[in-house]
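The structure under discussion appears below in the form of structure tokens.
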Protein chains: 2
Amino acid sequence: MSHPHPELGAPGPLPEAGLRIVPLGGLGEIGRNMTVMEHAGKLLVIDCGVLFPEDHQPGVDLILPDFSYIADRLDDIVAVVLTHGHEDHIGAVPYLLRLRDDLPLVGSQLTLALVEAKLREHRITPLTLAVREGDTEQLGPFECEFLAVNHSIPDALALAVRTGAGTVLHTGDFKMDQLPLDGRITDLRSFGRIGEQGVDLFMVDSTNADVPGFTVSEREIAPVLDGVFDRAERRIIVASFASHVHRVQQVFDAAHAHGRRVALVGRSMVRNMGVAKELGYLSVPDGLLVDIKAVEDLPDDKIVLMCTGSQGEPMAALSRMANLDHRIRIGKGDTVVLASSLIPGNENAIYRVINGLTRLGANVVHQGNARVHVSGHATSGELLYCYNVVRPRNVMPVHGEMRHLVANAELAVRTGVPSDRVVVAEDGVVVDLVDGVASIVGAVPCGYVYVDGSSVGEITEVELKDRRILGEEGFISIVIVVDSATGKIVAGPEIHARGFAEDQSVFDPVRESIVRTLAKAAADGVGDTHQMQQMVRRVMGRWVNEHYRRRPMILPLVVEA
Amino acid sequence: MSHPHPELGAPGPLPEAGLRIVPLGGLGEIGRNMTVMEHAGKLLVIDCGVLFPEDHQPGVDLILPDFSYIADRLDDIVAVVLTHGHEDHIGAVPYLLRLRDDLPLVGSQLTLALVEAKLREHRITPLTLAVREGDTEQLGPFECEFLAVNHSIPDALALAVRTGAGTVLHTGDFKMDQLPLDGRITDLRSFGRIGEQGVDLFMVDSTNADVPGFTVSEREIAPVLDGVFDRAERRIIVASFASHVHRVQQVFDAAHAHGRRVALVGRSMVRNMGVAKELGYLSVPDGLLVDIKAVEDLPDDKIVLMCTGSQGEPMAALSRMANLDHRIRIGKGDTVVLASSLIPGNENAIYRVINGLTRLGANVVHQGNARVHVSGHATSGELLYCYNVVRPRNVMPVHGEMRHLVANAELAVRTGVPSDRVVVAEDGVVVDLVDGVASIVGAVPCGYVYVDGSSVGEITEVELKDRRILGEEGFISIVIVVDSATGKIVAGPEIHARGFAEDQSVFDPVRESIVRTLAKAAADGVGDTHQMQQMVRRVMGRWVNEHYRRRPMILPLVVEA
């Protein structure tokens, strides 16, 4: 989806009193959130996240937003505002800072701590500006007011941007838990105040817009965890996301109440909880935490292991426990809790882990059989509250696949926003706010940029297509050395296949056909190795298709010597 | 999972008065259901289905049960009983009949019609014996009584098998819809009668054993469909499974009530509904069906297209419509209904289709936003009824992944079956019923047999591992021709990569290293091409890892000429 609106051309120049919104990621997908705002010749970047690849992008490590739209305007960027510390909002910051390392990063204390920890691994020390809810900062021509929002990570912010062209309210990722663990609710009162002053464009998280009703409070997980801990006879292993401080807090609280000690497992879990504890977002009773090595000296019913791997990631501790490939040997009577969502696409991997743990005798508690997870995103009931409090003039759904964006747009219309003032745009679609009206004015390139090992942007759809063919069908290489004078074969055909047939002798019949074909070609005076390669490819391709009904990649190589 | 109980050895001989149960598929997975019963020297096969591959089995078309356990005892098989016509119960029959084509197939009228249609494509005409509920057939030493069960395909049967060693009741796939469309309920009364006579082993469908409560009646879909048809302004496209006759019937009824005509789209849909109509399982009002070509002449609000592709299969009509690659051009105001389940692992593909259709302006109705699907399998509430009515002496959960089998076992125990009489076994685990007690006595090989193009069982884990590496990382081939006398390079290194780097010039630096390495080897008197290949592999491997942090497959070939 490099260009979702092919009918759109490049946008014209932005009118002087206008505000331009260019979503470079996160609209039409869940991930790599990044939006560029332009006004009075300056740019404000909101978020800079990564997208995780799907099956049809094999071998890819990460997907970045395409920075080409801003690559030659880096000096115009006044700041990069980060709404919260999740990977899909901060993960691409190191790659953006490679282009200009003194871009100021603006965000809350926890968000900046997490992005700084990440940047340290890339050996980058960023310029930062810490803000908190209630603060207002003038960033070039953008006056930014930061508002508290509640999400599945502490210290998340929404953002009101006042410009000469009007006011934009951007929710970031949020939900409306009315009794959050830290008491920090989404600041609906300020949403109302800013709405009263006039919101020209409301950019709203769409992730759960197609889910009816309201999200249950994070707090309701506590009694469920409590019941699980009551019934657990031996060890308890809890897997969750390494950034979900409140979820981890609830596990700590349950462990403490039940006289159990907790060991953190997994690099990101240890790192993030260290940051959260240091900054006061995580409260850890004295003596609760123990090292994983100390666990072996404790009785089974005094142990909680808090780990990552809730999405079935094969190298994470939980998968390795399920495969008996970890120092913790799961056995009968152990309890495993997957306190996390089931991200679409990960089902088979997660169920493989659940089946493996079940086979070993563990009691596995997960979203499917107990309320051990609640979502971090506002569902339709909550979104309706927001639209009714803000009463925006224009709406632009953000953060979601097409089905989510459209569902969110429909909610806006149902609260009374005129449908021609609701802009459903995908990545790269340029929206201008001029004279109080938001409209689509064109599109810019915004393809997938693949991080693949240490390469960034070098792997393209061509390589991915080759990988898909190789992965599905394997390949056959045929090497033949011919005499450069006579064209006669002096060595080969050497035939090697991978992913296709284990026994090389299956190729004996086709080897003869190839020799015959090339002998005839030599007799006919064909001397061009490229032509000979095409002949070899044809003979092999036809033979494989006839005998195996397969279409492996075929690589003929005729070398003159 | 070729040998899930590695501690188990081959089973000893079956005691003369015993009954042996060997599950060759379906226990520990959803699919390729197949069970072999042995008594008095004879074998009875129950079902013979296929499993669909997952992502880690790339390129594989189908997975069959491993027939090796019965391969040298084909003459002892008295019959193959097919409980119903789904692929995971009949799909491997053609491959079994390749081993012995006069194996008698026993099943209901619709089941046999579907398997015969499939066998015609394999040019096999089977021996068949049609049975219906209430029938009893003596098949060798197995007296089989057939019982009606309700499922997501008509004419499904459960099976009571009476032998000298005791009575086994096998549910097949079933649920307990109390108001099914065809009035054919699961025959709980007969379950009770046979239980009264004594069920020594109860083999029970586990698919939904971890789902609380009861399955809603298929009938409850009708009012939902009716509402969708009421609101639809233009065309209606319904996607479902090609075997779900009752679901299709409800679409036909809704279309008829709303004065719309129906065109069937997709080969399997056309074939199966033809069979169902001919045998009287599907009632089609006169003039309802039209050819897909006639659709273009009808007004949009008079059209229903009934198609396959509800799982996001890329080549199916629905995916092609979502990609604007189908004669039916989806547009604003069209309604698409996915009247089907969301099979785990297919989420991304299905959401891609939903997003594509939404982008084109269609209103997409699916399980996530309307009750347009109900499951075909009994949930825990229904299973409890069965255990309480049958009161079996031993229980063996079938049809499910480990998590389902264990959940089903727990239900049996909660109704009073002693836990040591509940046998949780996976594929290949041999269970003997002797003196009224079922117990695990050993295991037999039961690996995955892959159908890959026209090859059956030739592709192994080795090729699949190669495919996974090729698919994730691509490969690099290096061909060098050396003089057989001097060892000096006479042609090459020719370096070709696929799925790795598009620009071949990236290899220039490593090409020089390879030449240097081989020159040094020649100077040192290394003359063995195998050794030279190892050197080339090492140089290339190290270089790629250092420069790209990747591990593509490396294929060095040194040819003497």
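By order in the structure tokens, chains are A, B, ...; within a chain, residues start at 1; ligands start at 1, following the order shown.
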Exercise for review: Report the residues of stretch 281-441 of chain B whose backbone DSSP state falls under strand (DSSP E or B), written as a VMD selection string.
Suggested key: chain B and resid 289 303 to 307 335 to 338 363 to 366 379 395 to 398 400 422 429 to 434 437 to 441
Check your understanding: Near A:Arg352, counting only C-alpha atoms, which residues have an atom at most 9 Å away, once you skip same-chain residues fewer than 6 positions from it, shown as JSON, numbers by chain?
Key -> {"A": [312, 319, 322], "B": [401]}
Can I get the selection written as an mmCIF file, in the first residue's frame, with C-alpha atoms?
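File out38.cif, as written:
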data_model
loop_
_atom_site.group_PDB
_atom_site.id
_atom_site.type_symbol
_atom_site.label_atom_id
_atom_site.label_comp_id
_atom_site.auth_asym_id
_atom_site.auth_seq_id
_atom_site.Cartn_x
_atom_site.Cartn_y
_atom_site.Cartn_z
ATOM 1 C CA GLY A 312 4.491 -16.691 21.270
ATOM 2 C CA SER A 319 8.215 -20.361 24.282
ATOM 3 C CA ALA A 322 6.967 -24.648 26.568
ATOM 4 C CA GLU B 401 -5.191 -29.436 20.141
#
Check your understanding: B:His56: which residues within 10 Å, counting only C-alpha atoms, same-chain residues fewer than 4 positions away excluded, as JSON, numbers by chain?
Key -> {"A": [471], "B": [60, 464, 465, 467, 468]}
Export, as a PDB file, in the first residue's frame, the selected residues with N, CA, C and O atoms.
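Saved file part-v4.pdb follows:
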ATOM      1  N   GLY A 471      10.737 -19.477  -0.305  1.00  0.00           N
ATOM      2  CA  GLY A 471      10.187 -20.085   0.906  1.00  0.00           C
ATOM      3  C   GLY A 471       9.083 -21.070   0.596  1.00  0.00           C
ATOM      4  O   GLY A 471       8.910 -22.059   1.295  1.00  0.00           O
TER       5      GLY A 471
ATOM      6  N   VAL B  60       3.643 -26.293   1.396  1.00  0.00           N
ATOM      7  CA  VAL B  60       2.939 -27.569   1.514  1.00  0.00           C
ATOM      8  C   VAL B  60       1.473 -27.361   1.158  1.00  0.00           C
ATOM      9  O   VAL B  60       0.871 -26.358   1.533  1.00  0.00           O
ATOM     10  N   LEU B 464      11.665 -28.446   4.453  1.00  0.00           N
ATOM     11  CA  LEU B 464      10.900 -27.341   5.038  1.00  0.00           C
ATOM     12  C   LEU B 464      11.821 -26.388   5.779  1.00  0.00           C
ATOM     13  O   LEU B 464      11.635 -25.178   5.737  1.00  0.00           O
ATOM     14  N   LYS B 465      12.844 -26.943   6.443  1.00  0.00           N
ATOM     15  CA  LYS B 465      13.787 -26.069   7.136  1.00  0.00           C
ATOM     16  C   LYS B 465      14.538 -25.219   6.107  1.00  0.00           C
ATOM     17  O   LYS B 465      14.711 -24.014   6.291  1.00  0.00           O
ATOM     18  N   ARG B 467      13.454 -24.344   3.201  1.00  0.00           N
ATOM     19  CA  ARG B 467      12.513 -23.332   2.693  1.00  0.00           C
ATOM     20  C   ARG B 467      12.363 -22.181   3.671  1.00  0.00           C
ATOM     21  O   ARG B 467      12.270 -21.025   3.259  1.00  0.00           O
ATOM     22  N   ARG B 468      12.314 -22.506   4.974  1.00  0.00           N
ATOM     23  CA  ARG B 468      12.169 -21.422   5.961  1.00  0.00           C
ATOM     24  C   ARG B 468      13.378 -20.497   5.911  1.00  0.00           C
ATOM     25  O   ARG B 468      13.239 -19.274   5.939  1.00  0.00           O
TER      26      ARG B 468
END
Review point. In Å to one decimal, how far is atom CA of A:Thr83 from atom CA of A:Ala156?
Key: 5.8 Å
Check your understanding: When DSSP works through the backbone of this structure, what residues of stretch 333-531 of chain A end up as helix (DSSP H, G or I), shown as number ranges by chain?
Key -> A: 347-359, 380-390, 402-414, 419-421, 461-473, 504-523, 529-531
Go ahead and save the picked residues with C-alpha atoms, as a PDB file, in the first residue's frame.
ATOM      1  CA  GLU A 347      -2.653 -16.813  17.193  1.00  0.00           C
ATOM      2  CA  ASN A 348      -0.904 -19.938  15.935  1.00  0.00           C
ATOM      3  CA  ALA A 349       2.322 -19.077  17.750  1.00  0.00           C
ATOM      4  CA  ILE A 350       0.469 -18.303  20.986  1.00  0.00           C
ATOM      5  CA  TYR A 351      -1.635 -21.461  20.806  1.00  0.00           C
ATOM      6  CA  ARG A 352       1.518 -23.477  20.164  1.00  0.00           C
ATOM      7  CA  VAL A 353       2.917 -22.135  23.429  1.00  0.00           C
ATOM      8  CA  ILE A 354      -0.352 -22.783  25.289  1.00  0.00           C
ATOM      9  CA  ASN A 355      -0.501 -26.350  23.926  1.00  0.00           C
ATOM     10  CA  GLY A 356       3.129 -26.961  24.875  1.00  0.00           C
ATOM     11  CA  LEU A 357       2.622 -25.704  28.416  1.00  0.00           C
ATOM     12  CA  THR A 358      -0.620 -27.681  28.760  1.00  0.00           C
ATOM     13  CA  ARG A 359       1.152 -30.833  27.574  1.00  0.00           C
ATOM     14  CA  SER A 380     -16.829   3.081  20.461  1.00  0.00           C
ATOM     15  CA  GLY A 381     -18.734   4.072  23.613  1.00  0.00           C
ATOM     16  CA  GLU A 382     -15.761   6.051  24.892  1.00  0.00           C
ATOM     17  CA  LEU A 383     -15.120   7.654  21.513  1.00  0.00           C
ATOM     18  CA  LEU A 384     -18.709   8.895  21.414  1.00  0.00           C
ATOM     19  CA  TYR A 385     -18.069  10.719  24.716  1.00  0.00           C
ATOM     20  CA  CYS A 386     -15.040  12.404  23.182  1.00  0.00           C
ATOM     21  CA  TYR A 387     -16.833  13.541  20.036  1.00  0.00           C
ATOM     22  CA  ASN A 388     -19.722  14.912  22.101  1.00  0.00           C
ATOM     23  CA  VAL A 389     -17.422  16.768  24.508  1.00  0.00           C
ATOM     24  CA  VAL A 390     -15.102  18.194  21.851  1.00  0.00           C
ATOM     25  CA  MET A 402      -9.054   0.851   7.037  1.00  0.00           C
ATOM     26  CA  ARG A 403     -11.834  -0.989   8.870  1.00  0.00           C
ATOM     27  CA  HIS A 404     -10.999   0.902  12.079  1.00  0.00           C
ATOM     28  CA  LEU A 405     -10.689   4.303  10.403  1.00  0.00           C
ATOM     29  CA  VAL A 406     -14.070   3.900   8.702  1.00  0.00           C
ATOM     30  CA  ALA A 407     -15.730   2.710  11.930  1.00  0.00           C
ATOM     31  CA  ASN A 408     -14.322   5.747  13.746  1.00  0.00           C
ATOM     32  CA  ALA A 409     -15.486   8.072  10.966  1.00  0.00           C
ATOM     33  CA  GLU A 410     -18.982   6.639  11.300  1.00  0.00           C
ATOM     34  CA  LEU A 411     -18.977   7.370  15.046  1.00  0.00           C
ATOM     35  CA  ALA A 412     -18.046  10.982  14.353  1.00  0.00           C
ATOM     36  CA  VAL A 413     -20.875  11.312  11.840  1.00  0.00           C
ATOM     37  CA  ARG A 414     -23.363   9.787  14.287  1.00  0.00           C
ATOM     38  CA  SER A 419     -19.881  13.585   6.840  1.00  0.00           C
ATOM     39  CA  ASP A 420     -18.035  15.862   4.392  1.00  0.00           C
ATOM     40  CA  ARG A 421     -16.003  17.136   7.346  1.00  0.00           C
ATOM     41  CA  GLU A 461       9.410  -5.785  -2.792  1.00  0.00           C
ATOM     42  CA  VAL A 462      11.597  -7.563  -5.380  1.00  0.00           C
ATOM     43  CA  GLU A 463      13.635  -9.347  -2.707  1.00  0.00           C
ATOM     44  CA  LEU A 464      10.519 -10.075  -0.657  1.00  0.00           C
ATOM     45  CA  LYS A 465       8.837 -11.624  -3.680  1.00  0.00           C
ATOM     46  CA  ASP A 466      11.938 -13.761  -4.286  1.00  0.00           C
ATOM     47  CA  ARG A 467      11.914 -14.802  -0.631  1.00  0.00           C
ATOM     48  CA  ARG A 468       8.268 -15.772  -0.825  1.00  0.00           C
ATOM     49  CA  ILE A 469       8.930 -17.943  -3.904  1.00  0.00           C
ATOM     50  CA  LEU A 470      12.062 -19.451  -2.339  1.00  0.00           C
ATOM     51  CA  GLY A 471      10.187 -20.085   0.906  1.00  0.00           C
ATOM     52  CA  GLU A 472       7.232 -21.715  -0.803  1.00  0.00           C
ATOM     53  CA  GLU A 473       8.966 -23.601  -3.586  1.00  0.00           C
ATOM     54  CA  GLN A 504      19.760 -35.320  -5.934  1.00  0.00           C
ATOM     55  CA  SER A 505      19.394 -38.460  -8.073  1.00  0.00           C
ATOM     56  CA  VAL A 506      15.865 -37.387  -8.990  1.00  0.00           C
ATOM     57  CA  PHE A 507      17.520 -35.045 -11.470  1.00  0.00           C
ATOM     58  CA  ASP A 508      19.265 -37.774 -13.498  1.00  0.00           C
ATOM     59  CA  PRO A 509      16.629 -37.843 -16.263  1.00  0.00           C
ATOM     60  CA  VAL A 510      16.507 -34.078 -16.711  1.00  0.00           C
ATOM     61  CA  ARG A 511      20.316 -33.849 -16.665  1.00  0.00           C
ATOM     62  CA  GLU A 512      20.336 -35.933 -19.840  1.00  0.00           C
ATOM     63  CA  SER A 513      17.704 -33.720 -21.469  1.00  0.00           C
ATOM     64  CA  ILE A 514      19.785 -30.671 -20.688  1.00  0.00           C
ATOM     65  CA  VAL A 515      22.924 -32.215 -22.196  1.00  0.00           C
ATOM     66  CA  ARG A 516      20.971 -33.186 -25.326  1.00  0.00           C
ATOM     67  CA  THR A 517      19.447 -29.726 -25.645  1.00  0.00           C
ATOM     68  CA  LEU A 518      22.808 -28.004 -25.357  1.00  0.00           C
ATOM     69  CA  ALA A 519      24.454 -30.448 -27.773  1.00  0.00           C
ATOM     70  CA  LYS A 520      21.780 -29.636 -30.318  1.00  0.00           C
ATOM     71  CA  ALA A 521      22.234 -25.918 -29.654  1.00  0.00           C
ATOM     72  CA  ALA A 522      25.996 -26.236 -30.167  1.00  0.00           C
ATOM     73  CA  ALA A 523      25.377 -28.107 -33.420  1.00  0.00           C
ATOM     74  CA  THR A 529      25.692 -18.284 -22.878  1.00  0.00           C
ATOM     75  CA  HIS A 530      22.633 -16.200 -22.105  1.00  0.00           C
ATOM     76  CA  GLN A 531      20.643 -18.059 -24.754  1.00  0.00           C
TER      77      GLN A 531
END
Check your understanding: So which one's closest to B:Ala17, B:Arg247, B:Arg542, B:His39, B:Arg550? Using only C-alpha atoms, please.
Key ->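 Closest to B:Ala17 of all the choices is B:His39.
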**Study point:** Long-range neighbours of B:Val238 as a PyMOL selection string, 12 Å cut-off, only C-alpha atoms, 4 positions minimum in chain
**Key:** chain B and resi 225+228-229+242+247-252+254-255+262-265+269+303-310+317-318+334-340+363-366+372-373
Check your understanding: In Å, how far is it from atom CA of B:Leu110 to atom CA of B:Asp205?
Key ->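 Between atom CA of B:Leu110 and atom CA of B:Asp205 the gap is 20.8 Å.
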Revision key, fill the gap. Expressed in Å, the length from atom CA of A:Gly107 to atom CA of A:Glu218 is 23.8 Å
Check your understanding: Looking at only C-alpha atoms, which of A:Leu27, A:Ala232, A:Val161, A:Ile90 is the one that sits closest to chain B?
Key -> A:Leu27
Practice item. Point out the residue among B:Ile77, B:Val290, B:Met396, B:Phe214 with the least atom-to-atom distance to B:Leu169, counting only C-alpha atoms. Key: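 Among B:Ile77, B:Val290, B:Met396, B:Phe214, it is B:Met396 that comes nearest to B:Leu169.
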Practice item. Please provide as a list of chain:residue names all residues within 8 Å of B:Leu114, with the sequence filter that same-chain residues fewer than 2 positions apart are discarded (counting only C-alpha atoms). Key: B:Gly85, B:Leu110, B:Thr111, B:Leu112, B:Glu116, B:Ala117, B:Lys118, B:Asn272, B:Val275
Just the selected residues (C-alpha atoms), exported as a PDB file, in the first residue's frame, please.
ATOM      1  CA  GLY B  85     -18.181 -34.916   4.649  1.00  0.00           C
ATOM      2  CA  LEU B 110     -24.322 -36.945   1.622  1.00  0.00           C
ATOM      3  CA  THR B 111     -20.933 -37.934   3.008  1.00  0.00           C
ATOM      4  CA  LEU B 112     -20.494 -40.617   0.352  1.00  0.00           C
ATOM      5  CA  GLU B 116     -17.250 -39.809  -4.452  1.00  0.00           C
ATOM      6  CA  ALA B 117     -17.115 -36.398  -6.141  1.00  0.00           C
ATOM      7  CA  LYS B 118     -13.633 -35.939  -4.696  1.00  0.00           C
ATOM      8  CA  ASN B 272     -21.252 -29.138  -3.378  1.00  0.00           C
ATOM      9  CA  VAL B 275     -24.796 -32.480  -4.827  1.00  0.00           C
TER      10      VAL B 275
END
**Study point:** Selected residue of minimal separation from chain A among B:Ala425, B:Leu282, B:Val50, B:Val444, counting only C-alpha atoms
**Key:**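 Smallest distance to chain A is found for B:Ala425.
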Review point. Nearest to chain A among B:Gly436, B:Gly345, B:Gly195, B:Gly140, with distances taken over only C-alpha atoms: which residue is it?
Key: B:Gly345
Exercise for review: May I have the residues within 12 Å of B:Val22 as JSON, numbers by chain, using only C-alpha atoms and disregarding those fewer than 3 positions away in the same chain?
Suggested key: {"B": [10, 11, 14, 19, 25, 26, 27, 33, 34, 35, 36, 37, 38, 39, 43, 44, 45, 46, 65, 66, 67, 69, 70, 396, 398, 425, 426, 427, 428, 429, 430, 431, 432, 433, 439, 440, 441, 442, 443, 444, 445, 446]}
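Omitting B:His151 and its sequence neighbours fewer than 3 positions away, and counting only C-alpha atoms, the residues within 9 Å are His84, Pro154, Asp155, Ala156, Asp173, Phe174, Lys175, Met176, Asp177, Thr186, Ser375, Gly376, His377 and Ala378 of chain B.
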Go ahead and write the selection's residues with C-alpha atoms as a CSV table (one decimal), in the first residue's frame.
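So the final result, stored in part26.csv, reads:
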chain,number,residue,atom,x,y,z
B,84,HIS,CA,-19.3,-36.7,7.8
B,154,PRO,CA,-25.9,-32.2,7.1
B,155,ASP,CA,-26.1,-36.0,7.6
B,156,ALA,CA,-23.3,-36.3,10.1
B,173,ASP,CA,-17.8,-33.9,15.1
B,174,PHE,CA,-21.0,-32.7,16.6
B,175,LYS,CA,-23.0,-30.1,18.5
B,176,MET,CA,-26.3,-30.1,20.2
B,177,ASP,CA,-28.4,-27.5,18.4
B,186,THR,CA,-28.0,-35.1,17.9
B,375,SER,CA,-19.8,-22.9,15.5
B,376,GLY,CA,-20.4,-26.5,14.5
B,377,HIS,CA,-18.9,-28.0,17.7
B,378,ALA,CA,-20.4,-28.7,21.1
